file work_26.txt (compact mmCIF, C-alpha atoms (C1' of nucleotides))
# COMPACT_ATOMS: atom_id res chain seq x y z
CA MET K 1 8.46 69.68 33.18
CA GLY K 2 11.57 71.59 32.21
CA SER K 3 14.17 68.82 32.32
CA GLY K 4 14.14 65.34 33.71
CA LEU K 5 11.88 62.39 33.27
CA THR K 6 9.92 60.48 35.82
CA ILE K 7 10.39 56.76 35.93
CA GLY K 8 7.21 56.20 33.94
CA GLN K 9 8.29 58.60 31.23
CA LEU K 10 11.73 57.04 30.92
CA ALA K 11 10.17 53.61 30.86
CA LYS K 12 7.85 54.53 28.03
CA GLN K 13 10.59 56.33 26.16
CA GLY K 14 12.97 53.39 26.52
CA GLY K 15 10.38 50.75 25.85
CA VAL K 16 10.86 49.01 29.17
CA ASN K 17 8.82 48.44 32.27
CA VAL K 18 8.85 50.75 35.26
CA GLU K 19 9.70 47.76 37.40
CA THR K 20 12.60 46.98 35.14
CA LEU K 21 14.11 50.39 35.80
CA ARG K 22 13.85 49.88 39.51
CA TYR K 23 15.34 46.44 39.04
CA TYR K 24 18.28 47.95 37.15
CA GLU K 25 18.73 50.38 39.99
CA ARG K 26 18.91 47.52 42.48
CA LEU K 27 21.67 46.06 40.31
CA HIS K 28 23.49 49.41 40.29
CA LEU K 29 23.11 49.62 36.55
CA LEU K 30 21.05 52.75 36.29
CA ALA K 31 20.32 55.24 39.04
CA PRO K 32 18.28 58.43 38.68
CA ALA K 33 20.31 61.63 38.60
CA THR K 34 18.31 63.02 41.47
CA ARG K 35 15.08 62.82 43.38
CA LYS K 36 12.30 65.23 44.00
CA ALA K 37 11.46 66.18 47.57
CA SER K 38 8.68 63.62 47.35
CA GLY K 39 11.20 60.92 46.58
CA TYR K 40 10.18 60.60 42.93
CA ARG K 41 13.07 59.57 40.69
CA ILE K 42 14.19 62.13 38.14
CA TYR K 43 16.26 60.92 35.20
CA GLY K 44 18.39 63.21 33.05
CA PRO K 45 19.60 62.73 29.48
CA THR K 46 22.70 60.86 30.68
CA GLU K 47 20.46 58.22 32.18
CA CYS K 48 18.42 57.92 29.00
CA HIS K 49 21.65 57.30 27.16
CA ARG K 50 22.73 54.77 29.68
CA LEU K 51 19.46 52.89 29.37
CA GLN K 52 19.92 52.80 25.62
CA PHE K 53 23.42 51.46 26.14
CA ILE K 54 22.12 48.74 28.42
CA LYS K 55 19.39 47.73 25.99
CA ASN K 56 21.80 47.64 23.07
CA ALA K 57 24.46 45.65 24.86
CA GLN K 58 21.79 43.24 26.01
CA ALA K 59 20.47 42.85 22.49
CA LEU K 60 24.00 41.92 21.51
CA GLY K 61 23.89 39.00 23.86
CA PHE K 62 25.58 40.40 26.93
CA THR K 63 24.22 39.56 30.36
CA LEU K 64 23.35 42.38 32.72
CA HIS K 65 26.42 41.44 34.69
CA GLU K 66 28.58 41.96 31.63
CA VAL K 67 26.83 45.22 30.91
CA ALA K 68 27.70 46.34 34.42
CA GLU K 69 31.32 45.49 33.70
CA PHE K 70 31.25 47.57 30.55
CA LEU K 71 29.73 50.49 32.40
CA ASN K 72 32.33 50.22 35.13
CA LEU K 73 35.08 50.20 32.54
CA ARG K 74 33.77 53.48 31.30
CA VAL K 75 33.56 54.95 34.75
CA GLU K 76 36.90 53.72 35.99
CA SER K 77 39.38 54.92 33.46
CA THR K 78 39.77 56.64 30.16
CA ARG K 79 42.17 54.13 28.74
CA THR K 80 40.40 50.80 28.97
CA CYS K 81 39.21 50.49 25.43
CA GLY K 82 41.57 47.55 25.11
CA ASP K 83 39.64 45.75 27.83
CA VAL K 84 36.37 46.31 26.04
CA LYS K 85 37.97 45.05 22.88
CA ARG K 86 39.26 41.91 24.52
CA LYS K 87 35.90 41.06 26.03
CA THR K 88 34.10 41.77 22.82
CA GLN K 89 36.45 39.52 20.92
CA GLY K 90 35.64 36.75 23.36
CA LYS K 91 31.93 37.22 22.72
CA LEU K 92 32.50 37.31 18.99
CA ALA K 93 34.31 33.98 19.07
CA GLN K 94 31.41 32.45 20.98
CA VAL K 95 28.90 33.81 18.53
CA GLU K 96 30.86 32.60 15.53
CA LYS K 97 31.05 29.11 16.90
CA LYS K 98 27.35 29.08 17.53
CA ILE K 99 26.70 30.16 13.96
CA GLU K 100 28.82 27.31 12.65
CA ASP K 101 27.02 24.77 14.81
CA LEU K 102 23.65 26.08 13.74
CA GLN K 103 24.64 25.90 10.11
CA ALA K 104 25.56 22.28 10.60
CA LEU K 105 22.21 21.73 12.28
CA ALA K 106 20.36 23.48 9.47
CA HIS K 107 22.12 21.22 7.05
CA SER K 108 21.03 18.17 9.02
CA LEU K 109 17.47 19.40 9.10
CA ARG K 110 17.46 19.92 5.36
CA THR K 111 18.78 16.42 4.91
CA LEU K 112 16.07 15.15 7.19
CA ILE K 113 13.42 16.97 5.19
CA ARG K 114 14.78 15.55 1.96
CA SER K 115 14.77 12.05 3.31
CA CYS K 116 11.21 12.64 4.49
CA GLU K 117 10.43 13.46 0.91
CA ALA K 118 12.14 10.28 -0.17
CA GLU K 119 9.75 8.53 2.25
CA LYS K 120 12.39 6.19 3.54
CA MET K 121 13.56 7.06 6.96
CA THR K 122 12.00 6.51 10.30
CA ASP K 123 14.40 7.02 13.08
CA HIS K 124 17.69 8.46 12.02
CA CYS K 125 17.63 12.11 12.90
CA PRO K 126 21.26 13.10 12.56
CA ILE K 127 21.56 15.91 15.04
CA MET P 1 26.73 -5.64 34.81
CA GLY P 2 26.16 -7.11 31.39
CA SER P 3 24.39 -4.25 29.67
CA GLY P 4 22.82 -1.12 31.03
CA LEU P 5 24.07 1.78 33.04
CA THR P 6 22.99 3.03 36.40
CA ILE P 7 22.08 6.65 36.68
CA GLY P 8 25.47 7.50 38.11
CA GLN P 9 27.28 5.77 35.27
CA LEU P 10 25.22 7.47 32.61
CA ALA P 11 25.71 10.80 34.35
CA LYS P 12 29.47 10.40 34.37
CA GLN P 13 29.53 9.14 30.82
CA GLY P 14 27.37 11.99 29.58
CA GLY P 15 29.08 14.63 31.65
CA VAL P 16 25.97 15.65 33.50
CA ASN P 17 24.68 15.49 37.01
CA VAL P 18 22.67 12.62 38.42
CA GLU P 19 20.05 15.14 39.47
CA THR P 20 19.92 16.46 35.94
CA LEU P 21 18.99 13.04 34.60
CA ARG P 22 16.18 12.76 37.11
CA TYR P 23 15.14 16.27 36.15
CA TYR P 24 15.01 15.27 32.48
CA GLU P 25 12.89 12.32 33.44
CA ARG P 26 10.45 14.61 35.22
CA LEU P 27 10.22 16.58 31.98
CA HIS P 28 9.60 13.37 30.02
CA LEU P 29 12.79 13.92 28.07
CA LEU P 30 14.73 10.85 29.07
CA ALA P 31 13.39 7.84 30.89
CA PRO P 32 15.38 4.73 31.81
CA ALA P 33 14.68 1.71 29.64
CA THR P 34 13.82 -0.30 32.70
CA ARG P 35 14.23 -0.61 36.45
CA LYS P 36 15.78 -3.18 38.63
CA ALA P 37 13.64 -4.90 41.24
CA SER P 38 15.16 -2.46 43.72
CA GLY P 39 13.88 0.46 41.70
CA TYR P 40 17.30 1.42 40.37
CA ARG P 41 17.12 3.02 36.93
CA ILE P 42 18.80 1.10 34.13
CA TYR P 43 19.68 2.95 30.96
CA GLY P 44 20.41 1.24 27.64
CA PRO P 45 22.40 2.51 24.66
CA THR P 46 19.33 4.17 23.19
CA GLU P 47 19.11 6.36 26.26
CA CYS P 48 22.80 7.27 26.03
CA HIS P 49 22.18 8.35 22.50
CA ARG P 50 19.17 10.31 23.53
CA LEU P 51 21.14 12.11 26.22
CA GLN P 52 23.76 13.01 23.66
CA PHE P 53 21.04 14.30 21.40
CA ILE P 54 19.63 16.46 24.18
CA LYS P 55 23.02 17.88 25.06
CA ASN P 56 23.80 18.69 21.44
CA ALA P 57 20.49 20.32 20.70
CA GLN P 58 20.78 22.29 23.91
CA ALA P 59 24.27 23.47 23.04
CA LEU P 60 22.77 24.75 19.81
CA GLY P 61 20.50 27.04 21.75
CA PHE P 62 17.31 25.05 21.90
CA THR P 63 15.30 25.05 25.07
CA LEU P 64 14.47 21.74 26.69
CA HIS P 65 10.92 22.27 25.53
CA GLU P 66 12.10 22.47 21.94
CA VAL P 67 14.28 19.44 22.44
CA ALA P 68 11.21 17.60 23.60
CA GLU P 69 9.47 18.58 20.39
CA PHE P 70 12.36 17.22 18.36
CA LEU P 71 12.27 13.99 20.25
CA ASN P 72 8.55 13.70 19.75
CA LEU P 73 9.11 14.10 16.04
CA ARG P 74 11.28 11.03 16.18
CA VAL P 75 8.83 9.05 18.23
CA GLU P 76 5.89 9.81 16.01
CA SER P 77 7.88 9.43 12.85
CA THR P 78 6.94 5.86 12.09
CA ARG P 79 3.83 6.90 10.30
CA THR P 80 3.26 10.57 9.92
CA CYS P 81 6.15 11.45 7.71
CA GLY P 82 4.33 14.46 6.32
CA ASP P 83 3.87 15.75 9.82
CA VAL P 84 7.51 15.24 10.63
CA LYS P 85 8.45 17.12 7.55
CA ARG P 86 6.23 20.03 8.39
CA LYS P 87 7.52 20.32 11.93
CA THR P 88 11.08 19.94 10.82
CA GLN P 89 10.60 22.70 8.31
CA GLY P 90 9.30 24.86 11.12
CA LYS P 91 12.41 24.11 13.14
CA LEU P 92 14.59 24.82 10.15
CA ALA P 93 12.99 28.22 9.75
CA GLN P 94 13.71 28.91 13.43
CA VAL P 95 17.28 27.83 13.03
CA GLU P 96 17.76 29.97 9.97
CA LYS P 97 16.35 32.99 11.74
CA LYS P 98 18.66 32.35 14.67
CA ILE P 99 21.61 32.20 12.32
CA GLU P 100 20.62 35.50 10.78
CA ASP P 101 20.28 37.16 14.16
CA LEU P 102 23.62 35.86 15.26
CA GLN P 103 25.26 37.04 12.06
CA ALA P 104 23.89 40.51 12.66
CA LEU P 105 25.21 40.30 16.19
CA ALA P 106 28.64 39.19 14.98
CA HIS P 107 28.70 42.08 12.56
CA SER P 108 27.95 44.56 15.36
CA LEU P 109 30.66 43.03 17.49
CA ARG P 110 33.21 43.33 14.69
CA THR P 111 32.26 46.95 14.18
CA LEU P 112 32.71 47.54 17.88
CA ILE P 113 36.14 45.96 17.81
CA ARG P 114 37.20 48.03 14.82
CA SER P 115 36.12 51.26 16.43
CA CYS P 116 38.05 50.23 19.51
CA GLU P 117 41.08 49.88 17.27
CA ALA P 118 40.42 53.31 15.85
CA GLU P 119 41.07 54.51 19.39
CA LYS P 120 38.09 56.75 19.63
CA MET P 121 38.39 56.68 23.39
CA THR P 122 36.17 54.97 25.86
CA ASP P 123 33.54 57.59 26.00
CA HIS P 124 32.06 56.80 22.64
CA CYS P 125 31.88 53.07 22.70
CA PRO P 126 29.19 52.62 20.09
CA ILE P 127 27.43 49.67 21.63
C1' DC X 1 -11.36 69.21 47.18
C1' DT X 2 -11.78 65.14 45.08
C1' DT X 3 -10.54 61.81 41.72
C1' DG X 4 -7.53 59.11 39.20
C1' DA X 5 -3.08 58.39 37.47
C1' DC X 6 1.35 58.09 38.94
C1' DT X 7 5.06 57.00 42.32
C1' DC X 8 7.23 55.06 46.46
C1' DC X 9 9.16 50.70 48.92
C1' DG X 10 9.29 46.01 49.99
C1' DT X 11 8.32 41.49 49.16
C1' DA X 12 6.79 37.59 46.49
C1' DC X 13 6.21 35.31 42.34
C1' DT X 14 7.36 33.66 37.34
C1' DG X 15 9.93 30.37 34.02
C1' DC X 16 14.14 28.30 32.96
C1' DG X 17 17.58 24.85 33.92
C1' DG X 18 19.13 22.88 37.03
C1' DT X 19 21.26 21.81 42.23
C1' DA X 20 20.97 20.44 47.08
C1' DC X 21 19.34 18.19 50.76
C1' DA X 22 16.76 14.78 53.92
C1' DG X 23 15.68 10.37 55.15
C1' DG X 24 15.54 6.30 53.72
C1' DG X 25 16.86 1.52 50.81
C1' DT X 26 20.50 -1.34 48.08
C1' DG X 27 24.81 -3.60 46.61
C1' DT X 28 29.27 -5.13 47.25
C1' DA X 29 34.11 -5.67 49.08
C1' DG X 30 36.61 -6.96 52.91
C1' DC M 1 28.43 -8.69 58.95
C1' DT M 2 29.73 -4.34 58.57
C1' DA M 3 31.18 -0.33 55.99
C1' DC M 4 30.53 2.55 52.55
C1' DA M 5 29.28 4.02 48.08
C1' DC M 6 25.54 4.22 45.51
C1' DC M 7 20.49 4.67 44.59
C1' DC M 8 15.44 5.98 45.69
C1' DT M 9 11.62 9.77 46.38
C1' DG M 10 10.29 14.22 47.54
C1' DT M 11 10.81 18.85 48.42
C1' DA M 12 13.37 23.12 48.70
C1' DC M 13 16.53 26.05 46.87
C1' DC M 14 19.78 28.76 43.32
C1' DG M 15 20.76 32.58 39.70
C1' DC M 16 18.87 35.10 35.96
C1' DA M 17 15.92 38.77 34.24
C1' DG M 18 12.26 40.35 35.18
C1' DT M 19 6.98 40.90 36.72
C1' DA M 20 3.27 41.49 40.03
C1' DC M 21 1.29 43.19 44.08
C1' DG M 22 0.02 45.49 48.39
C1' DG M 23 -0.37 49.61 51.02
C1' DA M 24 0.90 54.13 51.21
C1' DG M 25 2.14 58.87 49.48
C1' DT M 26 2.02 62.53 45.52
C1' DC M 27 0.55 65.22 41.60
C1' DA M 28 -2.48 67.56 38.33
C1' DA M 29 -7.01 68.25 36.18
C1' DG M 30 -11.63 69.33 36.88
call {"tool": "encode", "arguments": {"input": "work_26.txt", "output": "structure tokens"}}
result
Amino acid sequence: MGSGLTIGQLAKQGGVNVETLRYYERLHLLAPATRKASGYRIYGPTECHRLQFIKNAQALGFTLHEVAEFLNLRVESTRTCGDVKRKTQGKLAQVEKKIEDLQALAHSLRTLIRSCEAEKMTDHCPI
Amino acid sequence: MGSGLTIGQLAKQGGVNVETLRYYERLHLLAPATRKASGYRIYGPTECHRLQFIKNAQALGFTLHEVAEFLNLRVESTRTCGDVKRKTQGKLAQVEKKIEDLQALAHSLRTLIRSCEAEKMTDHCPI
DNA sequence: CTTGACTCCGTACTGCGGTACAGGGTGTAG
DNA sequence: CTACACCCTGTACCGCAGTACGGAGTCAAG
């Protein structure tokens, strides 16, 4: 057991499914460091990190394709922080717009609720 | 030609695909007001409105299933105003949670951008 | 040595939100 | 009357992000 996790151990540790890890491998997102003679996947600490990275980026609203791009940026060159920044700014703009729209929607819903209270309206939902 | 759009006209006007309109009909989201003798769908202004509603709600991150719920609120709303209110409050809570999540996301993205500016190098992208 | 949990690979399926035919019928302009 | 664009139904397919499953091999405890 010295060093290296099996796929099941990494899955449990990362809170994902075993199948998901194999799926990520098919997408070239996360490959085991090595294999045992039996063919069993063995993941090192780098891979655990990488899985964490994937999960975090995904939680931030990036698609797996975008995550792959991020990971490739890191692999390709040392100086591409500007690229990451540019992409992230794009995402941020999207997110900010969505927040605005949702706030407008929330406002409409509150209005709707108030007019329900006023027992007047029937069919003018202002979305 | 007096009043009423064919499916192709509504599609163009609403910026969607003809197939998408038929798909919405299968989901009981948007049905034509009537049909010609030939079977051609004829959509009235109410349906145009409804399509707009669907598109807007969808752009705000609601699934088509949720959109259907909204639309049902409107249909039922002639009588059961208390019900409408309750459901709308539920939706509002959802929307508010979504806003919170997105704000957290935006915050993370801004942090990421700032640390990119701090030129920490690619290796420690803190996603 | 056997049992049971774990792993392998490949393929198929899920739900979502459409999109793309195929094989017909319709509507209208020239 | 003939083109040609449009419409009908039905079914199959797409990408995404997984999830499930079958049949076989492997590992560790008892």
call {"tool": "residues_around", "arguments": {"input": "work_26.txt", "residues": "Glu47 in chain K", "least_positions_apart": "2", "cutoff": "12 Å", "atoms": "all atoms listed in the file", "output": "list in words"}}
result
Gly4, Leu5, Thr6, Ile7, Leu10, Ala11, Gln13, Gly14, Leu21, Tyr24, Glu25, Leu29, Leu30, Ala31, Pro32, Ala33, Thr34, Arg41, Ile42, Tyr43, Gly44, Pro45, His49, Arg50, Leu51, Gln52, Phe53 and Ile54 of chain K
call {"tool": "atom_distance", "arguments": {"input": "work_26.txt", "atom1": "C1' of DT19 in chain M", "atom2": "CA of Glu69 in chain K"}}
result
25.0 Å
call {"tool": "closest_residue", "arguments": {"input": "work_26.txt", "among": "P:Val18, P:Ala106, P:Leu60, P:Val67", "to": "chain X", "atoms": "only C-alpha atoms (C1' of nucleotides)"}}
result
P:Val18
call {"tool": "residues_around", "arguments": {"input": "work_26.txt", "residues": "DA24 in chain M", "least_positions_apart": "6", "cutoff": "12 Å", "atoms": "only C-alpha atoms (C1' of nucleotides)", "output": "list in words"}}
result
DT7, DC8, DC9 and DG10 of chain X
call {"tool": "atom_distance", "arguments": {"input": "work_26.txt", "atom1": "CA of Val95 in chain P", "atom2": "CA of Ala57 in chain P"}}
result
11.2 Å
call {"tool": "calpha_fit_rmsd", "arguments": {"input": "work_26.txt", "fixed": "chain K", "moving": "chain P"}}
result
2.8 Å
call {"tool": "interface_residues", "arguments": {"input": "work_26.txt", "of": "chain M", "to": "chain P", "cutoff": "9 Å", "atoms": "only C-alpha atoms (C1' of nucleotides)", "output": "PyMOL selection string"}}
result
chain M and resi 6-8
call {"tool": "residues_near_point", "arguments": {"input": "work_26.txt", "point": "(41.9, 46.8, 19.1)", "cutoff": "8 Å", "atoms": "all atoms listed in the file", "output": "list in words"}}
result
Cys81, Gly82, Lys85 and Arg86 of chain K; Ile113, Arg114, Ser115, Cys116, Glu117, Ala118 and Glu119 of chain P
call {"tool": "write_last_selection", "arguments": {"input": "work_26.txt", "atoms": "C-alpha atoms", "output": "PDB file, keeping the file's coordinate frame"}}
result
ATOM      1  CA  CYS K  81      39.210  50.490  25.430  1.00  0.00           C
ATOM      2  CA  GLY K  82      41.570  47.550  25.110  1.00  0.00           C
ATOM      3  CA  LYS K  85      37.970  45.050  22.880  1.00  0.00           C
ATOM      4  CA  ARG K  86      39.260  41.910  24.520  1.00  0.00           C
TER       5      ARG K  86
ATOM      6  CA  ILE P 113      36.140  45.960  17.810  1.00  0.00           C
ATOM      7  CA  ARG P 114      37.200  48.030  14.820  1.00  0.00           C
ATOM      8  CA  SER P 115      36.120  51.260  16.430  1.00  0.00           C
ATOM      9  CA  CYS P 116      38.050  50.230  19.510  1.00  0.00           C
ATOM     10  CA  GLU P 117      41.080  49.880  17.270  1.00  0.00           C
ATOM     11  CA  ALA P 118      40.420  53.310  15.850  1.00  0.00           C
ATOM     12  CA  GLU P 119      41.070  54.510  19.390  1.00  0.00           C
TER      13      GLU P 119
END
call {"tool": "interface_residues", "arguments": {"input": "work_26.txt", "of": "chain P", "to": "chain X", "cutoff": "8 Å", "atoms": "all atoms listed in the file", "output": "ChimeraX atom specification"}}
result
/P:19-20,23,38
call {"tool": "atom_distance", "arguments": {"input": "work_26.txt", "atom1": "CA of Gly15 in chain K", "atom2": "C1' of DA20 in chain M"}}
result
18.4 Å
